[in-house]
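Trainee: Dropping the structure in here first, questions after.
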Amino acid sequence: MAEMWINMGPQHPMTHGLWNLKVKIDGETIVDAEPEVGYLHRGIEKLCEARTYPQIIPIADRLCYGSSLTWSHLYCLTVEDLMDIEVPERAEYIRVMTIEMQRIASHLMWLAAYAGDLGLSVGFTYTMRDREVFVDLLQALTGSRLTYNYPRIGGVAHDLPPDFERDTVRAVKYMEMRLKEYEDLFDGSKVFMMRNVGIGILSKEDGINLGVTGPSLRASGVDYDLRKDMPYSVYPEMDFEVVTHEDGDCYARYRVRMDEMWESCRIIRQALQKMPKGRWRIVAPRNAPVGTGLGRVEDPRGEAVMYVVGDGTDRPYRLKIRSPIFVTVSAAPKILVGYKLADVVAIMGGLDMCIGENDR
Amino acid sequence: MNLYQFCYGIIHWLVDLVNNIWYWLGDFLPWYFGDLFTTIGDFVASEGHLSFMTILAECVVVIVVALINVLNFLWIFRKLSGRILDFYGPYYVGYGIGGWLQNLADGMKLFIKEIIVPTKADRLGFLLAPVIFVGSSLAILAVIPFSVDFGISTNESGEYVSAGALFALAAFSIAPFAILLAGWSSNNKYTLIGGMRSAAQMMSYEIPLILCAASVFLLAGSFNFVDIVDAQSGMWFFIPLFIGFVVFLICLMAEVEIRPFDLPEAEAELVEGWTTEYGGMRFGLFYMTTAVRSYAGGALATALFLGGWHGPSFLPDEIWFLIKAYIVFTVFMWLTWSVPRIRIDQMLVFGWRRLLPLAVLNLLIAAILKSGGWF
């Protein structure tokens with residue numbers, strides 16, 4: 001067969017959203033690739049300029065449907081930096097606990113989509129089922145299931161509901177049990193290993209040069225996790241490991257995310273144990289001072305940055321969002337070339353695309 | 001009474017009934033018309049016409065039985081996938097009978113959808129491909145008898161096609177050509193890749209499949225299904241030829257194109273593969289035909305390896321045959337839902353480097369068993 005371009009997207013099962021991956025194939029082998037993003041551009045940065053600071057929290061939630069809590073948390077961190085607010089300690093612990101729950105939920109949704117991409121139906125339904133446990137917990141806490149609108153500038157919206165600690169401990173115990181089962185299900189499957197080991201290798205240098213962050217970079221052997229390297233909130237109090245893997249292939253990316261879920265379980269337990277009593281929210285001023293604020297967090301997908309410029313009014317002058325996936329997707333041509341067409345789903349699935357935050 | 005005699009009786013009765021009315025009508029007409037009527041009536045009542053109509057009736061019976069079983073298969077497919085994947089499956093359509101009517105409802109829905117031919121498609125090939133695919137799949141059923149009495153035979157004594165097993169395997173392997181035709185004529189890159197994959201994949205599984213079947217033919221000494229099944233009255237062939245049985249099942253999964261070998265319609269990367277451009281009832285036909293092929297595959301595995309219709313006598317032979325075919329299908333479904341899709345180059349490597357040597361080894365075992373005089 002002659003070489004030809006294939007548009008995988010914007011409407012394609014592989015995309016998990018709305019973007020286009022142009023792949024040039026020779027027979028079944030990929031010779032070139034070109035991601036095209038921007039189909040889901042909603043102008044969120046501009047929308048934020050017309051809203052007051054508290055009104056932006058729900059918009060920040062809508063940046064990523066997979067891990068909305070992380071984004072609203074990041075926004076609150078940024079504005080607290082701008083307004084120079086000290087958040088009560090209980091609120092910090094609640095935030096850390098909830099964003100780690102969100103991290104588990106996000107990684108499980110990634111695992112579900114990944115298994116579905118590879119054709120492993122059992123993996124899809126089982127992981128989505130177990131994601132429900134954490135989604136239900138967050139629902140009990142925040143009242144909604146997808147876009148939580150929970151963090152506030154200066155704390156969190158509510159205190160924990162009754163019996164939340166007990167349910168969380170149970171959920172974490174259940175999750176650790178299920179994680180063992182997943183490791184049997186995925187790592188124990190010969191075909192799964194055949195589809196993953198040695199596929200889509202991203203070298204350490206390429207990863208750093210292309211600006212890839214998060215699990216995809218840690219899978220290439222770079223020990224870079226903002227929770228350790230530039231701690232925010234109460235992460236310095238927590239005892240956890242930064243998961244890295246040396247190989248940089250799809251299996252390493254899968255492995256890093258699985259191990260991160262184990263670490264997240266540890267963090268949730270510790271946050272529950274160390275959580276002090278007290279206030280969970282302080283009243284933030286209505287107007288921000290003239291100045292800038294910067295927030296950097298470790299999103300489930302990589303390093304997320306927000307930069308806000310205040311001009312003394314109750315609305316931000318400018319809000320800049322740095323999406324980890326927008327940078328990661330630019331590494332796609334580098335990773336894809338040389339592999340087979342069927343590996344596109346494994347490689348792009350392994351990067352955990354989230355178009356909401358990508359196109360903003 | 002075998003199927004031929006049963007159908008012959010019905011056809012004979014029908015022809016008598018029609019001819020009585022026919023001759024009675026002829027009495028009212030002038031003599032020159034009456035002669036013509038008599039000639040036609042005599043032709044209809046002639047032995048050649050009767051046996052032709054009987055074979056047609058047999059085909060209708062076999063296809064209707066097959067389609068009813070296909071409904072069951074699709075229902076099992078959905079319910080079992082629900083059991084494995086942790087959901088209920090069809091439930092409300094056919095409440096109380098486990099949602100059995102869901103497939104009929106889906107078929108009805110597909111039936112009223114518009115059938116579209118893409119503007120730039122090769123019209124002839126696009127329209128011909130489903131016909132070949134469905135036709136060749138139904139043709140497999142023509143030669144597989146469910147018992148000594150139930151099958152399409154051409155005379156009263158109930159003898160079946162002597163090379164029936166060869167015909168079944170040949171009809172089985174026509175489908176990739178239809179898929180290639182569909183993929184090419186749809187004028188779409190996904191369908192084209194799907195069709196090419198189908199052709200490439202066929203190379204890798206067809207040869208081990210035939211070799212495994214050949215080991216059975218060697219032991220049974222015949223291509224005729226009745227002889228093959230009779231040869232298993234002492235011991236079912238899957239015990240001495242266990243390697244061959246496993247290889248045969250794997251190749252059958254590839255032949256039926258269900259996961260992990262559904263590369264031509266890998267929905268994650270190729271949207272729907274070669275069926276992308278087919279909508280409405282054509283898609284429904286493909287969906288149904290996959291189940292027909294699973295049914296035929298199960299029947300083939302049963303007849304060749306699982307002792308056909310042999311079983312304790314408290315159930316009829318046909319029921320034993322169907323039970324075994326259902327078990328084979330259930331095993332297929334179980335594997336389908338718990339294994340990821342394999343890649344095309346891995347499929348080729350798997351076919352040529354793993355399955356083919358095992359199939360040859362199996363053939364060797366069969367040859368040793370035969371020459372040693374155990375069979």
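The chains in the structure tokens are called A, B, ... from first to last as shown; in each chain the residues are counted from 1, and the ligands are counted from 1 in the order shown.
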Identify all chain A residues at most 7 Å from chain B by counting only C-alpha atoms; ligands do not count. Present them as number ranges by chain.
Mentor: A: 12-14, 117-122, 125, 191-192, 342, 345
Trainee: Pick out the residues sitting within 12 Å of A:Arg170, and hand them over as JSON, numbers by chain; count only C-alpha atoms, and ignore anything fewer than 4 positions along from it in its own chain.
Mentor: {"A": [133, 134, 137, 163, 164, 165, 166, 174, 175, 176, 177, 265, 268, 269]}
Trainee: So how far away is atom CA of B:Phe261 from atom CA of B:Tyr326, in Å?
Mentor: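 Separation between atom CA of B:Tyr326 and atom CA of B:Phe261: 20.0 Å.
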Trainee: If you run DSSP over the backbone, which residues in stretch 127-252 of chain A end up alpha helix (DSSP H)? Put them as number ranges by chain.
Mentor: A: 127-142, 164-187, 190-196, 204-209, 215-218, 226-229, 250-252
Trainee: Please provide the set of residues having any atom within 10 Å of A:Glu183, restricted to only C-alpha atoms, with same-chain residues fewer than 6 positions apart removed, written as number ranges by chain.
Mentor: A: 189, 255, 258
Trainee: Atom CA of A:Leu146 to atom CA of A:Met261: how many Å, to one decimal?
Mentor: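 One can read the atom CA of A:Leu146 to atom CA of A:Met261 distance as 19.3 Å.
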Trainee: Fewer than 3 positions away in the same chain doesn't count, so skip those; otherwise give me all residues within 10 Å of stretch 158-173 of chain B, counting only C-alpha atoms, as a PyMOL selection string.
Mentor: chain B and resi 1-5+133+135-145+148-155+176-178+202+206+209-210+213-214+217+222-228+252+255-256+293+296-297+300+303-304
Trainee: Which residues are near A:Leu40? Cut-off 7 Å, only C-alpha atoms, ignore same chain within fewer than 3 positions. Put them as a list of chain:residue names.
Mentor: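 Once the adjacent positions are removed, what remains is A:Leu18, A:Ile355, A:Gly356, A:Asp359.
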Trainee: Smallest atom-to-atom distance to A:Gly295: which of A:Leu160, A:Leu210, A:Leu77, A:Val242, using only C-alpha atoms?
Mentor: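 That would be A:Leu77, the residue with the smallest distance to A:Gly295.
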Trainee: Hey, what's within 10 Å of stretch 310-322 of chain B if we count only C-alpha atoms and toss same-chain stuff fewer than 5 positions away? As a ChimeraX atom specification, please?
Mentor: /B:69,145-150,229-230,232-234,236,295,298-299,302-303,327-328
Trainee: Could those selected residues go to a file with N, CA and C atoms, as an mmCIF file, in the first residue's frame?
Mentor:
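Final output, saved to again_14.cif:
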data_model
loop_
_atom_site.group_PDB
_atom_site.id
_atom_site.type_symbol
_atom_site.label_atom_id
_atom_site.label_comp_id
_atom_site.auth_asym_id
_atom_site.auth_seq_id
_atom_site.Cartn_x
_atom_site.Cartn_y
_atom_site.Cartn_z
ATOM 1 N N ASN B 69 -31.647 -20.350 16.602
ATOM 2 C CA ASN B 69 -30.478 -20.541 17.463
ATOM 3 C C ASN B 69 -29.607 -19.305 17.507
ATOM 4 N N PRO B 145 -24.796 -31.818 9.549
ATOM 5 C CA PRO B 145 -25.988 -32.437 10.120
ATOM 6 C C PRO B 145 -25.949 -32.388 11.644
ATOM 7 N N PHE B 146 -27.129 -32.233 12.252
ATOM 8 C CA PHE B 146 -27.194 -32.180 13.707
ATOM 9 C C PHE B 146 -27.371 -33.564 14.307
ATOM 10 N N SER B 147 -27.775 -34.506 13.485
ATOM 11 C CA SER B 147 -27.836 -35.897 13.922
ATOM 12 C C SER B 147 -27.908 -36.719 12.642
ATOM 13 N N VAL B 148 -28.021 -38.033 12.784
ATOM 14 C CA VAL B 148 -28.105 -38.864 11.576
ATOM 15 C C VAL B 148 -29.330 -38.474 10.765
ATOM 16 N N ASP B 149 -30.361 -37.987 11.449
ATOM 17 C CA ASP B 149 -31.614 -37.715 10.756
ATOM 18 C C ASP B 149 -31.790 -36.256 10.371
ATOM 19 N N PHE B 150 -31.109 -35.352 11.054
ATOM 20 C CA PHE B 150 -31.393 -33.938 10.834
ATOM 21 C C PHE B 150 -30.262 -33.283 10.068
ATOM 22 N N VAL B 229 -18.384 -38.458 12.962
ATOM 23 C CA VAL B 229 -19.004 -38.561 14.280
ATOM 24 C C VAL B 229 -19.070 -40.013 14.729
ATOM 25 N N ASP B 230 -19.350 -40.912 13.791
ATOM 26 C CA ASP B 230 -19.391 -42.339 14.147
ATOM 27 C C ASP B 230 -18.038 -42.810 14.652
ATOM 28 N N GLN B 232 -16.148 -41.286 16.409
ATOM 29 C CA GLN B 232 -15.914 -40.811 17.775
ATOM 30 C C GLN B 232 -16.804 -41.500 18.789
ATOM 31 N N SER B 233 -17.491 -42.581 18.394
ATOM 32 C CA SER B 233 -18.413 -43.203 19.335
ATOM 33 C C SER B 233 -17.666 -43.784 20.535
ATOM 34 N N GLY B 234 -16.427 -44.207 20.323
ATOM 35 C CA GLY B 234 -15.662 -44.730 21.449
ATOM 36 C C GLY B 234 -15.034 -43.608 22.256
ATOM 37 N N TRP B 236 -14.071 -39.331 22.089
ATOM 38 C CA TRP B 236 -14.147 -38.085 21.344
ATOM 39 C C TRP B 236 -12.745 -37.645 20.971
ATOM 40 N N TYR B 295 -22.199 -19.895 15.424
ATOM 41 C CA TYR B 295 -23.029 -21.094 15.496
ATOM 42 C C TYR B 295 -22.434 -22.199 14.621
ATOM 43 N N GLY B 298 -19.204 -23.375 16.215
ATOM 44 C CA GLY B 298 -19.481 -24.278 17.330
ATOM 45 C C GLY B 298 -19.909 -25.644 16.834
ATOM 46 N N ALA B 299 -20.761 -25.654 15.790
ATOM 47 C CA ALA B 299 -21.223 -26.921 15.234
ATOM 48 C C ALA B 299 -20.051 -27.702 14.639
ATOM 49 N N THR B 302 -17.923 -29.091 17.355
ATOM 50 C CA THR B 302 -18.635 -30.207 17.979
ATOM 51 C C THR B 302 -18.532 -31.459 17.131
ATOM 52 N N ALA B 303 -18.777 -31.287 15.833
ATOM 53 C CA ALA B 303 -18.775 -32.458 14.964
ATOM 54 C C ALA B 303 -17.382 -33.051 14.831
ATOM 55 N N ILE B 327 -21.879 -24.698 24.283
ATOM 56 C CA ILE B 327 -20.749 -24.629 25.227
ATOM 57 C C ILE B 327 -19.530 -24.025 24.529
ATOM 58 N N VAL B 328 -19.281 -24.457 23.295
ATOM 59 C CA VAL B 328 -18.153 -23.890 22.555
ATOM 60 C C VAL B 328 -18.330 -22.385 22.397
#
Trainee: Neighbours of A:Trp262 within 10 Å (only C-alpha atoms; same-chain residues fewer than 5 positions away dropped), as a list in words?
Mentor: Ile104, Val172, Met175, Glu176, Leu179, Lys180, Phe240, Glu241, Val243, Val256, Arg257 and Ile267 of chain A
Trainee: Keeping only N, CA and C atoms, take the residues you just selected and write them out as a tab-separated table (two decimals), in the first residue's frame.
Mentor:
chain	number	residue	atom	x	y	z
A	104	ILE	N	-7.25	9.40	42.23
A	104	ILE	CA	-7.58	7.98	42.04
A	104	ILE	C	-8.71	7.84	41.02
A	172	VAL	N	-10.82	3.22	50.89
A	172	VAL	CA	-9.40	3.03	50.59
A	172	VAL	C	-9.02	1.56	50.72
A	175	MET	N	-10.29	-0.12	47.76
A	175	MET	CA	-9.52	0.22	46.57
A	175	MET	C	-8.22	-0.56	46.53
A	176	GLU	N	-7.58	-0.70	47.69
A	176	GLU	CA	-6.31	-1.44	47.69
A	176	GLU	C	-6.54	-2.90	47.32
A	179	LEU	N	-7.06	-2.87	43.59
A	179	LEU	CA	-5.83	-2.61	42.83
A	179	LEU	C	-5.04	-3.89	42.64
A	180	LYS	N	-5.02	-4.73	43.68
A	180	LYS	CA	-4.34	-6.02	43.53
A	180	LYS	C	-4.98	-6.82	42.41
A	240	PHE	N	5.05	9.92	51.38
A	240	PHE	CA	4.73	9.14	50.17
A	240	PHE	C	5.94	9.15	49.24
A	241	GLU	N	5.92	8.25	48.31
A	241	GLU	CA	7.03	8.10	47.37
A	241	GLU	C	6.64	8.70	46.03
A	243	VAL	N	6.66	7.97	42.32
A	243	VAL	CA	6.80	6.75	41.53
A	243	VAL	C	7.51	7.06	40.22
A	256	VAL	N	3.22	3.39	36.33
A	256	VAL	CA	3.35	4.59	37.17
A	256	VAL	C	2.00	5.00	37.70
A	257	ARG	N	0.99	4.96	36.83
A	257	ARG	CA	-0.33	5.39	37.30
A	257	ARG	C	-0.88	4.42	38.33
A	267	ILE	N	-1.75	8.51	51.05
A	267	ILE	CA	-1.90	9.92	51.41
A	267	ILE	C	-3.27	10.17	52.03
Trainee: Between atom CA of A:Pro289 and atom CA of A:Val308, measure the distance and give it in Å to one decimal.
Mentor: 11.3 Å
Trainee: Of the candidates A:Ile94, A:Ile282, A:Ala105, A:Leu111, which one gets nearest to A:Leu141 if we count only C-alpha atoms?
Mentor: A:Ile94
